[in-house]
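Shown below: coords.txt, with compact mmCIF, N, CA and C atoms.
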# COMPACT_ATOMS: atom_id res chain seq x y z
N MET A 291 -0.65 80.91 46.94
CA MET A 291 -1.98 80.57 47.39
C MET A 291 -1.96 80.35 48.89
N ILE A 292 -2.94 80.89 49.58
CA ILE A 292 -3.03 80.77 51.03
C ILE A 292 -4.09 79.74 51.37
N MET A 293 -3.72 78.78 52.19
CA MET A 293 -4.67 77.76 52.64
C MET A 293 -5.14 78.13 54.03
N ILE A 294 -6.44 78.23 54.22
CA ILE A 294 -7.03 78.56 55.51
C ILE A 294 -7.76 77.33 56.04
N PRO A 295 -7.51 76.93 57.29
CA PRO A 295 -8.25 75.79 57.85
C PRO A 295 -9.75 76.07 57.84
N MET A 296 -10.54 75.00 57.86
CA MET A 296 -12.00 75.12 57.78
C MET A 296 -12.59 75.43 59.15
N ARG A 297 -12.28 76.58 59.68
CA ARG A 297 -12.91 77.08 60.90
C ARG A 297 -12.90 78.59 60.82
N ASN A 298 -13.63 79.25 61.66
CA ASN A 298 -13.72 80.71 61.62
C ASN A 298 -12.47 81.34 62.21
N ILE A 299 -11.52 81.64 61.34
CA ILE A 299 -10.28 82.29 61.74
C ILE A 299 -10.06 83.46 60.81
N HIS A 300 -9.71 84.58 61.39
CA HIS A 300 -9.42 85.76 60.56
C HIS A 300 -8.09 85.56 59.86
N ILE A 301 -8.03 85.92 58.60
CA ILE A 301 -6.82 85.73 57.79
C ILE A 301 -5.60 86.43 58.38
N SER A 302 -5.81 87.48 59.17
CA SER A 302 -4.67 88.21 59.76
C SER A 302 -3.89 87.35 60.74
N GLU A 303 -4.46 86.23 61.18
CA GLU A 303 -3.70 85.33 62.04
C GLU A 303 -2.60 84.62 61.27
N TYR A 304 -2.69 84.60 59.96
CA TYR A 304 -1.73 83.90 59.12
C TYR A 304 -0.79 84.83 58.36
N ILE A 305 -1.20 86.05 58.13
CA ILE A 305 -0.41 86.98 57.32
C ILE A 305 -0.16 88.24 58.15
N PRO A 306 1.11 88.64 58.30
CA PRO A 306 1.37 89.91 58.99
C PRO A 306 0.64 91.05 58.28
N ASP A 307 0.14 91.99 59.02
CA ASP A 307 -0.61 93.11 58.46
C ASP A 307 0.34 94.02 57.70
N ARG A 308 0.29 93.93 56.38
CA ARG A 308 1.20 94.72 55.54
C ARG A 308 0.94 96.21 55.67
N MET A 309 -0.23 96.59 56.08
CA MET A 309 -0.55 98.01 56.18
C MET A 309 0.25 98.67 57.31
N ASN A 310 0.77 97.90 58.24
CA ASN A 310 1.55 98.47 59.34
C ASN A 310 2.99 98.75 58.97
N TYR A 311 3.44 98.28 57.83
CA TYR A 311 4.83 98.42 57.44
C TYR A 311 4.98 99.39 56.29
N PHE A 312 6.00 100.20 56.36
CA PHE A 312 6.29 101.06 55.22
C PHE A 312 7.80 101.24 55.08
N PRO A 313 8.28 101.06 53.85
CA PRO A 313 9.71 101.22 53.59
C PRO A 313 10.03 102.65 53.17
N MET A 314 11.24 103.06 53.45
CA MET A 314 11.73 104.37 53.03
C MET A 314 13.13 104.20 52.46
N LEU A 315 13.34 104.70 51.25
CA LEU A 315 14.67 104.69 50.65
C LEU A 315 15.38 105.97 51.03
N ARG A 316 16.60 105.85 51.52
CA ARG A 316 17.39 107.01 51.91
C ARG A 316 18.83 106.85 51.41
N THR A 317 19.41 107.96 50.95
CA THR A 317 20.84 107.93 50.72
C THR A 317 21.48 107.91 52.11
N ILE A 318 22.64 107.33 52.20
CA ILE A 318 23.30 107.22 53.51
C ILE A 318 23.54 108.61 54.10
N SER A 319 23.91 109.56 53.26
CA SER A 319 24.19 110.91 53.76
C SER A 319 22.94 111.60 54.31
N ASP A 320 21.74 111.13 53.93
CA ASP A 320 20.49 111.73 54.41
C ASP A 320 19.95 111.07 55.68
N ILE A 321 20.60 110.04 56.17
CA ILE A 321 20.12 109.36 57.37
C ILE A 321 20.61 110.12 58.60
N ASP A 322 19.66 110.54 59.42
CA ASP A 322 20.02 111.34 60.60
C ASP A 322 20.66 110.48 61.69
N THR A 323 21.24 111.16 62.65
CA THR A 323 22.00 110.50 63.73
C THR A 323 21.14 109.54 64.52
N MET A 324 19.91 109.91 64.84
CA MET A 324 19.03 109.03 65.62
C MET A 324 18.73 107.74 64.85
N THR A 325 18.46 107.86 63.56
CA THR A 325 18.16 106.68 62.76
C THR A 325 19.39 105.79 62.63
N ARG A 326 20.56 106.39 62.47
CA ARG A 326 21.80 105.61 62.41
C ARG A 326 21.99 104.83 63.71
N HIS A 327 21.69 105.47 64.83
CA HIS A 327 21.80 104.80 66.13
C HIS A 327 20.81 103.64 66.22
N GLN A 328 19.57 103.84 65.76
CA GLN A 328 18.57 102.77 65.77
C GLN A 328 19.01 101.61 64.88
N MET A 329 19.57 101.94 63.72
CA MET A 329 20.07 100.90 62.82
C MET A 329 21.17 100.09 63.50
N SER A 330 22.10 100.79 64.13
CA SER A 330 23.20 100.14 64.81
C SER A 330 22.70 99.23 65.93
N GLU A 331 21.77 99.72 66.73
CA GLU A 331 21.22 98.90 67.82
C GLU A 331 20.53 97.65 67.29
N LEU A 332 19.73 97.82 66.25
CA LEU A 332 19.04 96.67 65.66
C LEU A 332 20.05 95.66 65.14
N TYR A 333 21.05 96.15 64.46
CA TYR A 333 22.09 95.28 63.93
C TYR A 333 22.83 94.54 65.05
N LEU A 334 23.29 95.28 66.03
CA LEU A 334 24.09 94.69 67.11
C LEU A 334 23.27 93.76 68.00
N ASP A 335 21.97 93.98 68.10
CA ASP A 335 21.10 93.08 68.85
C ASP A 335 20.96 91.72 68.16
N ASN A 336 21.27 91.67 66.88
CA ASN A 336 21.02 90.45 66.12
C ASN A 336 22.26 89.79 65.54
N TYR A 337 23.41 90.45 65.60
CA TYR A 337 24.65 89.89 65.07
C TYR A 337 25.74 89.94 66.13
N ASP A 338 26.45 88.83 66.28
CA ASP A 338 27.60 88.77 67.17
C ASP A 338 28.86 89.12 66.39
N GLY A 339 29.90 89.48 67.11
CA GLY A 339 31.20 89.68 66.49
C GLY A 339 31.38 91.02 65.81
N SER A 340 30.57 91.99 66.16
CA SER A 340 30.70 93.31 65.58
C SER A 340 30.58 94.35 66.69
N ASP A 341 30.72 95.59 66.32
CA ASP A 341 30.55 96.68 67.29
C ASP A 341 30.05 97.92 66.55
N ALA A 342 29.67 98.92 67.31
CA ALA A 342 29.07 100.13 66.73
C ALA A 342 30.03 100.84 65.77
N ASP A 343 31.30 100.90 66.11
CA ASP A 343 32.27 101.56 65.22
C ASP A 343 32.37 100.85 63.87
N ARG A 344 32.44 99.54 63.92
CA ARG A 344 32.52 98.77 62.67
C ARG A 344 31.26 98.97 61.84
N PHE A 345 30.10 98.95 62.50
CA PHE A 345 28.84 99.17 61.79
C PHE A 345 28.84 100.55 61.14
N THR A 346 29.27 101.57 61.86
CA THR A 346 29.29 102.94 61.34
C THR A 346 30.23 103.07 60.15
N ARG A 347 31.41 102.48 60.25
CA ARG A 347 32.36 102.51 59.12
C ARG A 347 31.79 101.80 57.89
N ASP A 348 31.18 100.65 58.10
CA ASP A 348 30.60 99.90 57.00
C ASP A 348 29.44 100.68 56.36
N LEU A 349 28.60 101.29 57.18
CA LEU A 349 27.47 102.06 56.66
C LEU A 349 27.96 103.22 55.80
N ALA A 350 29.04 103.86 56.21
CA ALA A 350 29.58 105.00 55.46
C ALA A 350 30.06 104.61 54.06
N MET A 351 30.35 103.34 53.86
CA MET A 351 30.81 102.88 52.55
C MET A 351 29.65 102.56 51.59
N LYS A 352 28.43 102.55 52.11
CA LYS A 352 27.27 102.23 51.28
C LYS A 352 26.69 103.50 50.68
N ASP A 353 25.85 103.35 49.67
CA ASP A 353 25.21 104.48 49.00
C ASP A 353 23.80 104.75 49.50
N GLU A 354 23.04 103.69 49.71
CA GLU A 354 21.63 103.85 50.07
C GLU A 354 21.23 102.80 51.09
N ALA A 355 20.12 103.07 51.75
CA ALA A 355 19.53 102.11 52.67
C ALA A 355 18.02 102.12 52.48
N LEU A 356 17.44 100.94 52.55
CA LEU A 356 15.99 100.81 52.64
C LEU A 356 15.67 100.56 54.10
N LEU A 357 14.91 101.45 54.67
CA LEU A 357 14.52 101.35 56.07
C LEU A 357 13.07 100.89 56.13
N VAL A 358 12.75 99.98 57.01
CA VAL A 358 11.38 99.50 57.15
C VAL A 358 10.87 99.87 58.54
N TYR A 359 9.73 100.54 58.54
CA TYR A 359 9.11 100.98 59.78
C TYR A 359 7.79 100.26 60.00
N SER A 360 7.51 100.03 61.26
CA SER A 360 6.19 99.60 61.70
C SER A 360 5.73 100.72 62.62
N GLY A 361 4.77 101.50 62.15
CA GLY A 361 4.43 102.72 62.87
C GLY A 361 5.63 103.65 62.86
N ARG A 362 6.06 104.09 64.03
CA ARG A 362 7.22 104.99 64.12
C ARG A 362 8.52 104.25 64.42
N HIS A 363 8.45 102.93 64.50
CA HIS A 363 9.61 102.14 64.93
C HIS A 363 10.34 101.51 63.75
N LEU A 364 11.65 101.70 63.72
CA LEU A 364 12.48 101.03 62.73
C LEU A 364 12.54 99.55 63.09
N VAL A 365 12.10 98.70 62.17
CA VAL A 365 12.09 97.26 62.45
C VAL A 365 13.00 96.49 61.51
N GLY A 366 13.60 97.17 60.55
CA GLY A 366 14.50 96.48 59.65
C GLY A 366 15.12 97.42 58.64
N PHE A 367 16.15 96.91 57.98
CA PHE A 367 16.80 97.70 56.94
C PHE A 367 17.69 96.81 56.11
N THR A 368 18.05 97.30 54.96
CA THR A 368 19.11 96.72 54.15
C THR A 368 19.88 97.86 53.53
N THR A 369 21.16 97.64 53.29
CA THR A 369 22.01 98.66 52.69
C THR A 369 22.57 98.13 51.39
N PHE A 370 22.96 99.03 50.51
CA PHE A 370 23.62 98.61 49.29
C PHE A 370 24.49 99.70 48.73
N GLN A 371 25.39 99.26 47.88
CA GLN A 371 26.36 100.13 47.24
C GLN A 371 26.37 99.78 45.76
N THR A 372 26.45 100.80 44.91
CA THR A 372 26.55 100.55 43.48
C THR A 372 27.88 101.12 42.99
N TYR A 373 28.47 100.42 42.04
CA TYR A 373 29.70 100.91 41.45
C TYR A 373 29.85 100.31 40.06
N SER A 374 30.75 100.87 39.29
CA SER A 374 30.99 100.43 37.92
C SER A 374 32.28 99.61 37.85
N ARG A 375 32.27 98.65 36.95
CA ARG A 375 33.43 97.82 36.68
C ARG A 375 33.46 97.52 35.18
N ILE A 376 34.59 97.06 34.71
CA ILE A 376 34.71 96.58 33.34
C ILE A 376 34.70 95.05 33.41
N TRP A 377 33.84 94.45 32.61
CA TRP A 377 33.75 93.00 32.55
C TRP A 377 33.61 92.60 31.08
N ASN A 378 34.45 91.71 30.63
CA ASN A 378 34.48 91.33 29.21
C ASN A 378 34.60 92.55 28.30
N LYS A 379 35.44 93.49 28.74
CA LYS A 379 35.73 94.72 27.99
C LYS A 379 34.52 95.64 27.85
N LYS A 380 33.54 95.46 28.71
CA LYS A 380 32.35 96.32 28.69
C LYS A 380 32.09 96.84 30.10
N PRO A 381 31.61 98.09 30.19
CA PRO A 381 31.28 98.61 31.53
C PRO A 381 30.01 97.94 32.05
N ILE A 382 30.04 97.59 33.32
CA ILE A 382 28.85 97.04 33.97
C ILE A 382 28.61 97.78 35.27
N ARG A 383 27.42 97.69 35.77
CA ARG A 383 27.07 98.26 37.06
C ARG A 383 26.91 97.12 38.05
N VAL A 384 27.57 97.22 39.18
CA VAL A 384 27.54 96.20 40.22
C VAL A 384 26.75 96.74 41.40
N ILE A 385 25.89 95.91 41.93
CA ILE A 385 25.14 96.28 43.13
C ILE A 385 25.55 95.31 44.23
N PHE A 386 26.14 95.87 45.27
CA PHE A 386 26.56 95.08 46.42
C PHE A 386 25.52 95.27 47.51
N SER A 387 24.87 94.18 47.89
CA SER A 387 23.88 94.25 48.96
C SER A 387 24.60 94.02 50.28
N GLY A 388 24.48 94.98 51.17
CA GLY A 388 25.19 94.91 52.45
C GLY A 388 24.35 94.31 53.55
N ASP A 389 24.47 94.88 54.73
CA ASP A 389 23.76 94.37 55.90
C ASP A 389 22.25 94.39 55.68
N THR A 390 21.62 93.32 56.11
CA THR A 390 20.16 93.23 56.06
C THR A 390 19.68 92.60 57.36
N ILE A 391 18.71 93.23 57.98
CA ILE A 391 18.17 92.72 59.24
C ILE A 391 16.70 93.11 59.38
N ILE A 392 15.91 92.19 59.86
CA ILE A 392 14.52 92.45 60.26
C ILE A 392 14.40 91.95 61.69
N ASP A 393 13.89 92.78 62.56
CA ASP A 393 13.66 92.38 63.94
C ASP A 393 12.82 91.10 63.95
N ARG A 394 13.22 90.15 64.75
CA ARG A 394 12.57 88.84 64.79
C ARG A 394 11.05 88.95 64.97
N LYS A 395 10.58 89.92 65.73
CA LYS A 395 9.13 90.08 65.95
C LYS A 395 8.40 90.45 64.66
N HIS A 396 9.14 90.83 63.64
CA HIS A 396 8.53 91.28 62.38
C HIS A 396 8.88 90.38 61.20
N TRP A 397 9.42 89.20 61.51
CA TRP A 397 9.67 88.24 60.45
C TRP A 397 8.35 87.90 59.77
N GLY A 398 8.36 87.77 58.49
CA GLY A 398 7.15 87.45 57.74
C GLY A 398 6.62 88.64 56.97
N GLN A 399 6.99 89.85 57.38
CA GLN A 399 6.57 91.02 56.60
C GLN A 399 7.31 90.98 55.26
N GLN A 400 6.71 91.55 54.25
CA GLN A 400 7.30 91.52 52.91
C GLN A 400 7.65 92.91 52.39
N ALA A 401 7.47 93.94 53.22
CA ALA A 401 7.71 95.31 52.76
C ALA A 401 9.14 95.51 52.29
N LEU A 402 10.09 94.96 53.01
CA LEU A 402 11.50 95.13 52.63
C LEU A 402 11.79 94.43 51.30
N ALA A 403 11.32 93.22 51.16
CA ALA A 403 11.58 92.48 49.92
C ALA A 403 11.00 93.19 48.70
N PHE A 404 9.76 93.63 48.80
CA PHE A 404 9.13 94.31 47.66
C PHE A 404 9.80 95.65 47.36
N ALA A 405 10.19 96.38 48.40
CA ALA A 405 10.87 97.66 48.19
C ALA A 405 12.24 97.44 47.54
N TRP A 406 12.94 96.38 47.95
CA TRP A 406 14.24 96.07 47.37
C TRP A 406 14.09 95.73 45.89
N ILE A 407 13.10 94.91 45.56
CA ILE A 407 12.86 94.54 44.16
C ILE A 407 12.53 95.79 43.34
N LYS A 408 11.71 96.66 43.90
CA LYS A 408 11.35 97.90 43.20
C LYS A 408 12.58 98.75 42.94
N ARG A 409 13.45 98.90 43.95
CA ARG A 409 14.64 99.72 43.79
C ARG A 409 15.59 99.12 42.76
N MET A 410 15.74 97.80 42.75
CA MET A 410 16.61 97.17 41.76
C MET A 410 16.05 97.41 40.35
N GLY A 411 14.74 97.38 40.20
CA GLY A 411 14.12 97.68 38.91
C GLY A 411 14.37 99.12 38.48
N GLU A 412 14.31 100.05 39.43
CA GLU A 412 14.60 101.45 39.12
C GLU A 412 16.04 101.62 38.65
N LEU A 413 16.96 100.97 39.34
CA LEU A 413 18.37 101.06 38.95
C LEU A 413 18.59 100.44 37.57
N LYS A 414 17.91 99.37 37.29
CA LYS A 414 18.04 98.73 35.98
C LYS A 414 17.51 99.65 34.88
N ARG A 415 16.40 100.35 35.13
CA ARG A 415 15.87 101.29 34.14
C ARG A 415 16.81 102.46 33.92
N GLU A 416 17.52 102.88 34.97
CA GLU A 416 18.50 103.98 34.82
C GLU A 416 19.67 103.56 33.95
N PHE A 417 20.08 102.31 34.06
CA PHE A 417 21.22 101.77 33.32
C PHE A 417 20.83 100.44 32.70
N PRO A 418 20.07 100.47 31.60
CA PRO A 418 19.50 99.23 31.06
C PRO A 418 20.52 98.24 30.50
N ASP A 419 21.68 98.67 30.10
CA ASP A 419 22.64 97.72 29.50
C ASP A 419 23.65 97.21 30.47

What would the structure in this file look like if it were written as structure tokens?
Amino acid sequence: MIMIPMRNIHISEYIPDRMNYFPMLRTISDIDTMTRHQMSELYLDNYDGSDADRFTRDLAMKDEALLVYSGRHLVGFTTFQTYSRIWNKKPIRVIFSGDTIIDRKHWGQQALAFAWIKRMGELKREFPD
């Protein structure tokens, strides 16, 4: 529930405009060089103790990425990897969520969260047990 003060204020002052954001699911192998560079820059601008080579190696180990754009600009992403394991003598599917970043100017948007939930639901439908 959204509480609005009792004065004439447009609701967009309280909620980021969701229409400006759109997520894109990509396999890592389908991400072009320019987008990989943008991802690396966004990551390195927000995390200390890493470098472009480490980011590139880590990205190569993932399966997919959810990229979030505002207009033509990449403003966030998350990566993940899926693999199978045996647990309690039964095969299971494991989803490892990797690097996640949203540019500080875009904090509050929900496009990434909703796209991630949708993708996890799709994976669950593919492998229901």

DSSP on the backbone: what in segment 327-386 of chain A comes out strand (DSSP E), as a PyMOL selection string?
chain A and resi 354-360+363-377+380-386

Grab the atom N of Thr372 of chain A to atom CA of Ile385 of chain A distance for me, in Å with one decimal place.
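Straight-line distance from atom N of Thr372 of chain A to atom CA of Ile385 of chain A works out to 5.0 Å.
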
Find the residue from A:Leu413, A:Ala405, A:Ala350, A:Leu364 that sits nearest to Tyr333 of chain A; use only C-alpha atoms when measuring.
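Once distances to Tyr333 of chain A are computed over only C-alpha atoms, the minimum belongs to A:Leu364.
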
One decimal place gives the atom N of Ile407 of chain A-atom C of Asn310 of chain A separation as 17.2 Å

In terms of the shortest atom-to-atom distance over all atoms listed in the file, which of A:Leu357, A:Phe386, A:Arg394, A:Thr323 is closest to Phe370 of chain A?
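The shortest atom-to-atom distance to Phe370 of chain A comes from A:Phe386.
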
Nearest to Glu354 of chain A, chosen from A:Lys379, A:His327, A:Arg316, A:Lys395, with all atoms listed in the file counted in the distances
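For Glu354 of chain A, the nearest of the given residues is A:Arg316.
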